[in-house]
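This is start06.cif (mmCIF, C-alpha atoms).
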data_run
loop_
_atom_site.label_atom_id
_atom_site.label_comp_id
_atom_site.auth_asym_id
_atom_site.auth_seq_id
_atom_site.Cartn_x
_atom_site.Cartn_y
_atom_site.Cartn_z
CA MET B 1 -36.93 -27.86 -32.39
CA ASN B 2 -38.09 -31.37 -31.42
CA GLY B 3 -41.56 -30.45 -32.67
CA ILE B 4 -41.90 -27.52 -30.26
CA GLN B 5 -42.27 -24.10 -31.87
CA LEU B 6 -42.86 -20.76 -30.19
CA SER B 7 -45.66 -19.97 -32.61
CA ARG B 8 -47.55 -23.07 -31.46
CA LEU B 9 -47.29 -22.42 -27.74
CA PRO B 10 -50.54 -21.96 -25.81
CA LEU B 11 -51.38 -18.45 -24.61
CA SER B 12 -49.90 -19.08 -21.15
CA GLY B 13 -46.58 -20.16 -22.69
CA ARG B 14 -46.46 -17.13 -24.96
CA ILE B 15 -47.21 -14.75 -22.07
CA PHE B 16 -44.56 -16.43 -19.92
CA CYS B 17 -41.86 -16.18 -22.62
CA THR B 18 -42.76 -12.58 -23.51
CA LEU B 19 -42.77 -11.34 -19.92
CA LEU B 20 -39.52 -13.14 -19.19
CA LEU B 21 -37.86 -11.49 -22.21
CA LEU B 22 -39.26 -8.08 -21.28
CA GLY B 23 -38.24 -8.48 -17.63
CA ILE B 24 -34.69 -9.40 -18.56
CA GLY B 25 -34.60 -6.50 -21.05
CA SER B 26 -35.66 -4.09 -18.30
CA GLY B 27 -33.04 -5.57 -16.00
CA ALA B 28 -30.39 -5.12 -18.70
CA LEU B 29 -31.36 -1.46 -19.12
CA ALA B 30 -31.14 -0.92 -15.35
CA ALA B 31 -27.76 -2.67 -15.30
CA PHE B 32 -26.54 -0.42 -18.12
CA ALA B 33 -27.69 2.67 -16.20
CA GLN B 34 -25.96 1.43 -13.06
CA ALA B 35 -22.72 0.65 -14.92
CA SER B 36 -22.73 4.06 -16.62
CA THR B 37 -23.19 5.97 -13.35
CA ALA B 38 -20.90 3.87 -11.11
CA VAL B 39 -18.07 3.24 -13.57
CA GLY B 40 -18.82 4.69 -17.02
CA VAL B 41 -19.28 3.00 -20.36
CA SER B 42 -16.19 4.17 -22.23
CA PRO B 43 -12.87 2.29 -22.38
CA ALA B 44 -11.22 5.21 -20.52
CA ALA B 45 -13.76 5.02 -17.67
CA VAL B 46 -13.38 1.25 -17.39
CA GLN B 47 -9.60 1.68 -17.39
CA ALA B 48 -9.81 4.29 -14.60
CA SER B 49 -11.85 1.93 -12.43
CA LEU B 50 -9.96 -1.30 -13.12
CA ALA B 51 -6.35 -0.55 -14.01
CA PRO B 52 -3.79 -1.03 -11.22
CA ASP B 53 -3.17 2.05 -9.10
CA LEU B 54 0.25 3.44 -10.03
CA PRO B 55 2.17 6.02 -7.99
CA MET B 56 1.21 9.58 -8.88
CA THR B 57 4.58 10.86 -7.70
CA GLY B 58 6.60 8.82 -10.17
CA MET B 59 8.03 6.81 -7.25
CA GLN B 60 10.00 3.91 -8.73
CA HIS B 61 9.89 0.30 -7.53
CA GLY B 62 11.94 0.01 -4.34
CA GLU B 63 11.90 3.73 -3.54
CA PRO B 64 10.61 4.48 -0.01
CA GLY B 65 8.52 7.50 -0.92
CA GLY B 66 7.86 10.48 -3.10
CA GLU B 67 5.98 13.76 -3.12
CA LYS B 68 4.54 15.96 -5.82
CA GLU B 69 2.34 19.06 -5.82
CA ILE B 70 -0.99 18.59 -7.53
CA ASP B 71 -3.93 20.68 -8.56
CA LEU B 72 -7.13 19.44 -6.96
CA GLY B 73 -8.56 19.35 -10.48
CA GLN B 74 -6.43 16.25 -11.03
CA ILE B 75 -8.54 14.39 -8.47
CA SER B 76 -11.84 13.11 -9.74
CA SER B 77 -14.81 15.23 -8.76
CA GLU B 78 -17.11 12.46 -9.90
CA ALA B 79 -18.35 9.83 -7.53
CA LYS B 80 -16.77 6.87 -9.29
CA MET B 81 -16.01 3.46 -7.89
CA THR B 82 -12.65 1.75 -8.11
CA ILE B 83 -12.58 -1.99 -8.66
CA ARG B 84 -9.66 -3.68 -6.95
CA THR B 85 -8.91 -7.40 -7.07
CA PRO B 86 -11.16 -8.54 -4.17
CA LEU B 87 -14.11 -6.67 -5.67
CA LEU B 88 -13.24 -8.02 -9.11
CA ILE B 89 -13.45 -11.56 -7.73
CA GLN B 90 -16.82 -10.77 -6.13
CA THR B 91 -18.16 -9.11 -9.27
CA SER B 92 -16.90 -11.94 -11.49
CA HIS B 93 -18.59 -14.69 -9.53
CA THR B 94 -21.95 -12.96 -9.34
CA HIS B 95 -21.96 -11.77 -12.95
CA LEU B 96 -20.68 -15.02 -14.43
CA PHE B 97 -23.47 -16.92 -12.69
CA GLY B 98 -26.12 -14.28 -13.32
CA GLN B 99 -25.33 -13.42 -16.93
CA THR B 100 -24.75 -17.05 -17.94
CA LEU B 101 -28.13 -18.03 -16.49
CA ILE B 102 -29.79 -15.10 -18.26
CA ALA B 103 -28.10 -16.08 -21.53
CA GLY B 104 -29.28 -19.64 -20.91
CA LEU B 105 -32.88 -18.65 -20.21
CA ILE B 106 -33.31 -16.38 -23.22
CA GLY B 107 -31.31 -18.81 -25.37
CA LEU B 108 -33.64 -21.63 -24.33
CA ILE B 109 -36.65 -19.67 -25.58
CA PHE B 110 -34.79 -18.75 -28.77
CA LEU B 111 -34.03 -22.41 -29.54
CA PHE B 112 -37.72 -22.90 -30.36
CA THR B 113 -37.91 -20.15 -32.99
CA SER B 114 -38.17 -20.89 -36.70
CA VAL B 115 -34.82 -19.24 -37.51
CA ARG B 116 -32.40 -21.27 -39.70
CA GLU B 117 -30.09 -23.52 -37.71
CA GLY B 118 -26.83 -21.76 -38.66
CA THR B 119 -28.21 -18.32 -37.82
CA LYS B 120 -29.73 -19.66 -34.61
CA ALA B 121 -26.39 -21.14 -33.51
CA ALA B 122 -24.65 -17.81 -34.13
CA ILE B 123 -27.24 -15.67 -32.34
CA VAL B 124 -27.70 -17.94 -29.32
CA ALA B 125 -23.93 -17.79 -28.70
CA LEU B 126 -23.78 -13.98 -28.60
CA PRO B 127 -24.86 -13.35 -24.96
CA PHE B 128 -22.54 -16.12 -23.73
CA LEU B 129 -19.58 -14.75 -25.70
CA GLY B 130 -20.44 -11.23 -24.54
CA THR B 131 -20.37 -12.37 -20.92
CA PHE B 132 -16.99 -14.09 -21.26
CA LEU B 133 -15.54 -11.07 -23.09
CA ASP B 134 -16.99 -8.65 -20.54
CA ILE B 135 -15.72 -10.39 -17.40
CA GLY B 136 -12.52 -11.63 -19.06
CA GLY B 137 -11.87 -8.08 -20.26
CA MET B 138 -12.04 -6.82 -16.66
CA TRP B 139 -9.31 -9.25 -15.61
CA ALA B 140 -7.27 -8.48 -18.72
CA THR B 141 -7.51 -4.73 -18.01
CA ARG B 142 -6.28 -5.23 -14.46
CA PHE B 143 -3.56 -7.82 -15.04
CA ILE B 144 -2.45 -7.68 -18.69
CA SER B 145 -2.87 -4.18 -20.08
CA PRO B 146 -5.16 -1.21 -19.33
CA ALA B 147 -5.60 -0.89 -23.11
CA LEU B 148 -7.71 -4.05 -23.03
CA SER B 149 -10.54 -2.14 -21.32
CA MET B 150 -12.15 -1.99 -24.77
CA LEU B 151 -12.91 -5.72 -24.38
CA VAL B 152 -15.32 -4.89 -21.55
CA ILE B 153 -17.23 -2.48 -23.79
CA ALA B 154 -17.15 -4.99 -26.68
CA GLY B 155 -18.46 -7.72 -24.38
CA GLY B 156 -21.33 -5.59 -23.11
CA THR B 157 -22.23 -4.59 -26.67
CA LEU B 158 -22.19 -8.23 -27.80
CA PHE B 159 -24.43 -9.25 -24.90
CA ALA B 160 -26.88 -6.43 -25.72
CA LEU B 161 -26.86 -7.27 -29.45
CA GLY B 162 -27.55 -10.93 -28.65
CA TYR B 163 -30.40 -9.99 -26.33
CA VAL B 164 -32.03 -7.64 -28.86
CA LEU B 165 -31.87 -10.23 -31.67
CA ILE B 166 -33.12 -13.05 -29.43
CA ALA B 167 -35.97 -10.96 -28.00
CA ALA B 168 -37.04 -9.51 -31.37
CA LEU B 169 -37.02 -12.84 -33.24
CA SER B 170 -38.67 -14.72 -30.35
CA ILE B 171 -41.47 -12.14 -29.99
CA ARG B 172 -41.98 -12.21 -33.76
CA ASP B 173 -42.49 -15.99 -33.59
CA LEU B 174 -44.59 -15.83 -30.42
CA TRP B 175 -47.11 -13.25 -31.60
CA PHE B 176 -46.78 -12.49 -35.30
CA ARG B 177 -45.80 -15.69 -37.05
CA LYS B 178 -48.64 -17.57 -38.71
CA GLU B 179 -47.92 -21.27 -38.68
CA ALA B 180 -48.58 -23.11 -41.96
CA ALA B 181 -51.00 -25.97 -41.44
CA MET W 1 -40.88 -30.75 -19.19
CA THR W 2 -39.64 -27.64 -21.01
CA ILE W 3 -41.62 -25.35 -18.72
CA ARG W 4 -40.27 -27.14 -15.63
CA LEU W 5 -36.76 -26.62 -16.93
CA VAL W 6 -37.42 -22.93 -17.56
CA LEU W 7 -38.84 -22.46 -14.03
CA LEU W 8 -35.84 -24.21 -12.51
CA LEU W 9 -33.44 -21.96 -14.43
CA CYS W 10 -35.45 -18.90 -13.32
CA ALA W 11 -35.02 -19.91 -9.69
CA PHE W 12 -31.25 -20.22 -10.15
CA ALA W 13 -31.06 -16.88 -11.97
CA GLY W 14 -32.96 -15.16 -9.17
CA ALA W 15 -30.64 -16.59 -6.55
CA ALA W 16 -27.54 -15.54 -8.48
CA LEU W 17 -28.77 -12.02 -9.15
CA ALA W 18 -29.73 -11.56 -5.50
CA HIS W 19 -26.01 -11.61 -4.66
CA VAL W 20 -25.16 -8.61 -6.81
CA THR W 21 -24.61 -5.67 -4.50
CA PRO W 22 -24.37 -2.39 -6.41
CA PRO W 23 -21.96 0.16 -4.96
CA ILE W 24 -23.11 3.37 -3.35
CA ILE W 25 -20.71 6.28 -3.70
CA LEU W 26 -21.41 8.86 -1.02
CA THR W 27 -18.84 11.46 -2.06
CA SER W 28 -16.11 12.01 -4.65
CA ASP W 29 -12.44 11.83 -3.69
CA ARG W 30 -12.02 15.55 -4.41
CA ASP W 31 -14.94 16.50 -2.17
CA ALA W 32 -13.62 14.27 0.62
CA ILE W 33 -10.17 15.92 0.43
CA THR W 34 -11.69 19.41 0.42
CA THR W 35 -13.94 18.59 3.39
CA LEU W 36 -11.19 17.01 5.49
CA LEU W 37 -8.52 19.62 4.71
CA PRO W 38 -10.22 22.96 5.35
CA GLY W 39 -7.76 25.82 5.13
CA ALA W 40 -5.42 24.07 2.73
CA ARG W 41 -4.30 26.33 -0.11
CA ARG W 42 -1.92 23.96 -1.84
CA HIS W 43 -2.19 20.22 -2.20
CA PHE W 44 0.49 17.57 -2.51
CA VAL W 45 0.47 13.84 -3.09
CA HIS W 46 2.79 12.06 -0.68
CA GLU W 47 3.31 8.37 -1.33
CA VAL W 48 5.13 6.00 0.99
CA ARG W 49 6.35 2.47 0.50
CA LEU W 50 6.69 0.92 3.95
CA THR W 51 9.83 -1.03 4.75
CA GLU W 52 9.64 -4.58 6.08
CA GLU W 53 10.55 -3.23 9.53
CA GLU W 54 7.77 -0.61 9.44
CA ARG W 55 5.24 -3.24 8.37
CA GLU W 56 6.29 -5.53 11.20
CA THR W 57 6.11 -2.73 13.78
CA ILE W 58 2.53 -1.97 12.74
CA GLN W 59 1.63 -5.64 12.81
CA LEU W 60 3.08 -6.14 16.28
CA GLU W 61 1.17 -3.18 17.60
CA SER W 62 -2.19 -3.60 15.92
CA GLY W 63 -2.38 -7.15 14.57
CA TRP W 64 -2.88 -5.73 11.07
CA ARG W 65 -0.13 -6.06 8.49
CA PRO W 66 -0.06 -3.40 5.73
CA GLU W 67 0.08 -5.34 2.47
CA GLU W 68 -0.30 -2.58 -0.16
CA ASP W 69 2.73 -1.85 -2.33
CA PHE W 70 2.44 1.82 -1.38
CA TYR W 71 0.12 4.16 0.52
CA ARG W 72 -0.97 7.57 -0.71
CA PHE W 73 -1.64 10.66 1.40
CA TYR W 74 -3.04 13.90 0.09
CA ILE W 75 -1.25 16.61 2.06
CA GLY W 76 -2.77 20.08 2.48
CA ARG W 77 -0.53 23.10 3.16
CA ASP W 78 -1.15 26.79 3.70
CA GLU W 79 0.45 29.64 1.74
CA GLN W 80 3.61 29.38 3.87
CA LEU W 81 3.77 25.66 3.03
CA GLN W 82 2.99 24.66 6.61
CA ASP W 83 1.17 21.34 6.85
CA VAL W 84 -2.55 21.69 7.50
CA GLY W 85 -3.20 17.96 7.46
CA ALA W 86 -3.34 14.82 5.36
CA VAL W 87 -6.03 12.59 3.91
CA ALA W 88 -5.76 8.87 3.20
CA PHE W 89 -8.28 6.56 1.52
CA LEU W 90 -8.49 2.99 2.76
CA THR W 91 -10.78 0.15 1.71
CA GLN W 92 -11.87 -3.06 3.37
CA TYR W 93 -13.56 -5.75 1.26
CA THR W 94 -16.22 -7.56 3.25
CA ILE W 95 -18.54 -10.39 2.26
CA HIS W 96 -21.28 -7.77 1.84
CA GLY W 97 -19.19 -5.47 -0.36
CA PRO W 98 -16.44 -2.89 0.00
CA VAL W 99 -16.28 -0.12 2.59
CA ARG W 100 -14.00 2.78 1.58
CA VAL W 101 -13.18 5.48 4.07
CA ALA W 102 -11.38 8.85 3.80
CA VAL W 103 -9.45 9.74 6.93
CA GLY W 104 -8.28 13.27 7.76
CA LEU W 105 -5.14 13.49 9.90
CA ALA W 106 -3.60 16.49 11.65
CA PRO W 107 0.15 17.16 11.18
CA ASP W 108 0.80 15.48 14.56
CA GLY W 109 -0.96 12.31 13.41
CA LYS W 110 -4.17 12.80 15.37
CA ILE W 111 -7.42 12.13 13.58
CA LYS W 112 -9.27 15.22 12.39
CA GLY W 113 -12.23 13.47 10.87
CA ALA W 114 -13.41 10.63 8.69
CA LEU W 115 -15.91 10.13 5.89
CA VAL W 116 -17.38 6.97 4.41
CA VAL W 117 -16.77 7.37 0.70
CA GLU W 118 -18.07 4.12 -0.75
CA LEU W 119 -20.09 1.16 0.43
CA SER W 120 -22.56 -1.31 -1.01
CA GLU W 121 -26.32 -1.24 -1.20
CA GLU W 122 -26.40 -4.15 1.24
CA THR W 123 -24.20 -2.51 3.88
CA TYR W 124 -25.75 0.96 3.57
CA PRO W 125 -28.45 0.58 6.32
CA TRP W 126 -25.92 -0.85 8.80
CA VAL W 127 -23.32 1.82 8.09
CA LYS W 128 -25.92 4.60 8.10
CA THR W 129 -27.03 3.52 11.59
CA ALA W 130 -23.42 3.73 12.77
CA ILE W 131 -22.88 7.15 11.17
CA ASP W 132 -26.16 8.50 12.56
CA SER W 133 -25.14 7.45 16.06
CA GLY W 134 -22.02 9.61 15.82
CA LEU W 135 -19.34 7.06 14.97
CA LEU W 136 -17.37 9.30 12.60
CA ARG W 137 -17.39 12.28 14.98
CA SER W 138 -16.07 10.08 17.79
CA PHE W 139 -12.71 9.59 16.06
CA ALA W 140 -11.70 13.27 16.19
CA GLY W 141 -8.70 13.96 18.40
CA ARG W 142 -7.64 10.32 18.79
CA ASP W 143 -4.31 8.97 17.62
CA ALA W 144 -3.44 5.50 16.34
CA HIS W 145 -2.84 4.21 19.85
CA ALA W 146 -6.03 5.35 21.60
CA PRO W 147 -8.79 2.76 22.04
CA PHE W 148 -11.39 3.17 19.32
CA PRO W 149 -15.06 3.42 20.21
CA ARG W 150 -17.98 1.46 18.79
CA ALA W 151 -21.26 3.04 17.81
CA ALA W 152 -23.83 2.96 20.54
CA GLY W 153 -26.98 0.97 19.84
CA GLY W 154 -27.96 -0.45 16.47
CA SER W 155 -27.88 -4.03 15.24
CA SER W 156 -24.95 -6.40 15.57
CA MET W 157 -24.25 -5.80 11.86
CA SER W 158 -24.07 -2.08 12.54
CA GLY W 159 -21.56 -2.82 15.31
CA PHE W 160 -19.61 -5.08 12.97
CA TYR W 161 -19.33 -2.31 10.37
CA SER W 162 -18.49 0.24 13.06
CA ASP W 163 -15.50 -1.95 13.90
CA ILE W 164 -14.56 -2.19 10.21
CA ILE W 165 -14.66 1.62 9.85
CA ALA W 166 -12.80 2.18 13.13
CA GLY W 167 -10.18 -0.32 11.95
CA LEU W 168 -9.70 1.57 8.67
CA VAL W 169 -9.40 4.91 10.47
CA ARG W 170 -6.81 3.46 12.85
CA ARG W 171 -4.87 1.91 9.96
CA ALA W 172 -4.63 5.30 8.23
CA ALA W 173 -3.22 6.81 11.44
CA LEU W 174 -0.77 3.93 11.88
CA VAL W 175 0.56 4.17 8.32
CA TYR W 176 0.85 7.96 8.57
CA GLU W 177 2.79 7.63 11.80
CA ALA W 178 5.13 4.94 10.46
CA GLY W 179 5.56 6.20 6.91
CA VAL W 180 5.50 9.98 7.39
CA LEU W 181 5.93 11.15 11.00
CA LYS W 182 8.61 8.72 12.18
CA ARG W 183 10.59 9.21 8.98
CA GLN W 184 10.53 13.00 9.47
CA ARG W 185 11.90 12.59 12.99
CA ARG W 186 14.89 10.54 11.85
#
So that I can check it, write out the structure of this file as structure tokens.
Amino acid sequence: MNGIQLSRLPLSGRIFCTLLLLGIGSGALAAFAQASTAVGVSPAAVQASLAPDLPMTGMQHGEPGGEKEIDLGQISSEAKMTIRTPLLIQTSHTHLFGQTLIAGLIGLIFLFTSVREGTKAAIVALPFLGTFLDIGGMWATRFISPALSMLVIAGGTLFALGYVLIAALSIRDLWFRKEAA
Amino acid sequence: MTIRLVLLLCAFAGAALAHVTPPIILTSDRDAITTLLPGARRHFVHEVRLTEEERETIQLESGWRPEEDFYRFYIGRDEQLQDVGAVAFLTQYTIHGPVRVAVGLAPDGKIKGALVVELSEETYPWVKTAIDSGLLRSFAGRDAHAPFPRAAGGSSMSGFYSDIIAGLVRRAALVYEAGVLKRQRR
């Protein structure tokens, strides 16, 4: 693009781009591990953390109270976090900034690969779309329907797919592509 | 030019990521209930929706207005179905992340004990200092109307989070009194 190609970068530029891609990949793996231990990476786990808390006693709207015997097995024995609206706001603002900037940084490197323009446009959009789907899915799960928790998983998958394609194609161009004279 | 742009974006990304505070879960809900209700053989969920009058009474007394649609207590009973105690979970969202506390209450509304269930990586050192100095033990035997202590020593942030935790413990006692005890007496 504009005469700049990854395969023509000097050694310092290639090292910078490679380490940045690897660093972000490591960060993404750590984020995945953190998400899987704190919340879980299945739609059911996301739903349990994000969906509105409904009465366990079947207490209807307007009723002053209710009581029901339970088995302690019904209470989670796992140390899982619950995400209520104030935490959702906090998480959204940090992740929208953070993930969008990450998508922007890796996308910027990817713009200088030799991939065809149409393919490049599709791949560079993936991490951005994944971010919007991920964070939007959290709000949708909480305020529209718990069934939409699958959007969070789809968003995370899309972000990861975008990262893998961007990193693989960029590293191919940085280190393995022989430029025709 | 391109490299300058990349470096600038890196700086922004670093600043944004620095604000992410991963949660730390210290215990599961089930473990907290078991710990705070020793001797309970049967467990019940008791949920209360406070009336406008009950909310106002609490606000007048404590300055805090309960805003949740309903509050949940886990009640422990023995084989004869006598109350052993109750546990409530309350959360406060602070600028440094959430603090979630489990509060054990005796049948007369006095505090039996408290556990910090969830906090953030950022608040952990401050809260740990407060716990280590005996904050949680100091609540035992108090009711919603007794003055609540602060942790001795520690940083001002530790004191700030001691107040947050003490506030949550007191709120649990206030809601239990208004939503369970006073209703039983009527």
Got a sec to resolve the PyMOL selection byres ((chain B and resi 113) around 7) on this structure and send the residues as a PyMOL selection string?
chain B and resi 5-6+110-112+114-115+170+173
Per-residue nearest contacts chain B to chain W, cut-off 8 Å, using all atoms listed in the file, as a tab-separated table:
residue	atom	partner	partner_atom	distance
B:Gln34	CA	W:Pro22	CA	7.8
B:Ala38	CA	W:Pro23	CA	7.3
B:Pro55	CA	W:Glu47	CA	7.2
B:Met56	CA	W:Val45	CA	7.2
B:Thr57	CA	W:Val45	CA	6.9
B:Met59	CA	W:Glu47	CA	7.7
B:Gly62	CA	W:Arg49	CA	7.8
B:Glu63	CA	W:Arg49	CA	7.0
B:Pro64	CA	W:Arg49	CA	4.7
B:Gly65	CA	W:Val48	CA	4.2
B:Gly66	CA	W:Glu47	CA	5.3
B:Glu67	CA	W:His46	CA	4.4
B:Lys68	CA	W:Val45	CA	5.3
B:Glu69	CA	W:Phe44	CA	4.1
B:Ile70	CA	W:Phe44	CA	5.3
B:Asp71	CA	W:His43	CA	6.6
B:Leu72	CA	W:Arg30	CA	6.7
B:Gly73	CA	W:Arg30	CA	8.0
B:Ile75	CA	W:Arg30	CA	5.5
B:Ser76	CA	W:Arg30	CA	5.9
B:Ser77	CA	W:Arg30	CA	5.2
B:Glu78	CA	W:Ser28	CA	5.4
B:Ala79	CA	W:Ser28	CA	4.3
B:Lys80	CA	W:Ile25	CA	6.9
B:Met81	CA	W:Ile25	CA	6.9
B:Pro86	CA	W:Tyr93	CA	6.6
B:Leu87	CA	W:Tyr93	CA	7.0
B:Thr91	CA	W:Val20	CA	7.4
B:Thr94	CA	W:Val20	CA	6.0
B:His95	CA	W:Val20	CA	7.6
B:Phe97	CA	W:Ala16	CA	6.0
B:Gly98	CA	W:Ala16	CA	5.2
B:Leu101	CA	W:Ala13	CA	5.5
B:Ile102	CA	W:Ala13	CA	6.7
B:Leu105	CA	W:Leu9	CA	6.7
B:Leu108	CA	W:Val6	CA	7.9
Just checking: using all atoms listed in the file, which residue out of W:Val103, W:Ala88, W:Ile165, W:Ala146 ends up closest to Lys128 of chain W?
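Smallest distance to Lys128 of chain W is found for W:Ile165.
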Mind listing whatever residues come within 8 Å of the point (-9.0, -7.1, -9.3)? Use only C-alpha atoms, file coordinates, and give them as a short mmCIF file (atom, residue, chain, number, x, y, z; two decimals) with C-alpha atoms, in the coordinates of the input.
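Contents of result.cif, as written:
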data_model
loop_
_atom_site.label_atom_id
_atom_site.label_comp_id
_atom_site.auth_asym_id
_atom_site.auth_seq_id
_atom_site.Cartn_x
_atom_site.Cartn_y
_atom_site.Cartn_z
CA LEU B 50 -9.96 -1.30 -13.12
CA ILE B 83 -12.58 -1.99 -8.66
CA ARG B 84 -9.66 -3.68 -6.95
CA THR B 85 -8.91 -7.40 -7.07
CA PRO B 86 -11.16 -8.54 -4.17
CA LEU B 87 -14.11 -6.67 -5.67
CA LEU B 88 -13.24 -8.02 -9.11
CA ILE B 89 -13.45 -11.56 -7.73
CA MET B 138 -12.04 -6.82 -16.66
CA TRP B 139 -9.31 -9.25 -15.61
CA ARG B 142 -6.28 -5.23 -14.46
CA PHE B 143 -3.56 -7.82 -15.04
#
Please write as a list in words the full residue list that the PyMOL selection byres ((chain B and resi 158) around 9) yields on this file.
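For this structure, the PyMOL selection byres ((chain B and resi 158) around 9) captures Leu126, Pro127, Phe128, Leu129, Gly130, Thr131, Leu133, Asp134, Ile153, Ala154, Gly155, Gly156, Thr157, Phe159, Ala160, Leu161, Gly162 and Tyr163 of chain B.
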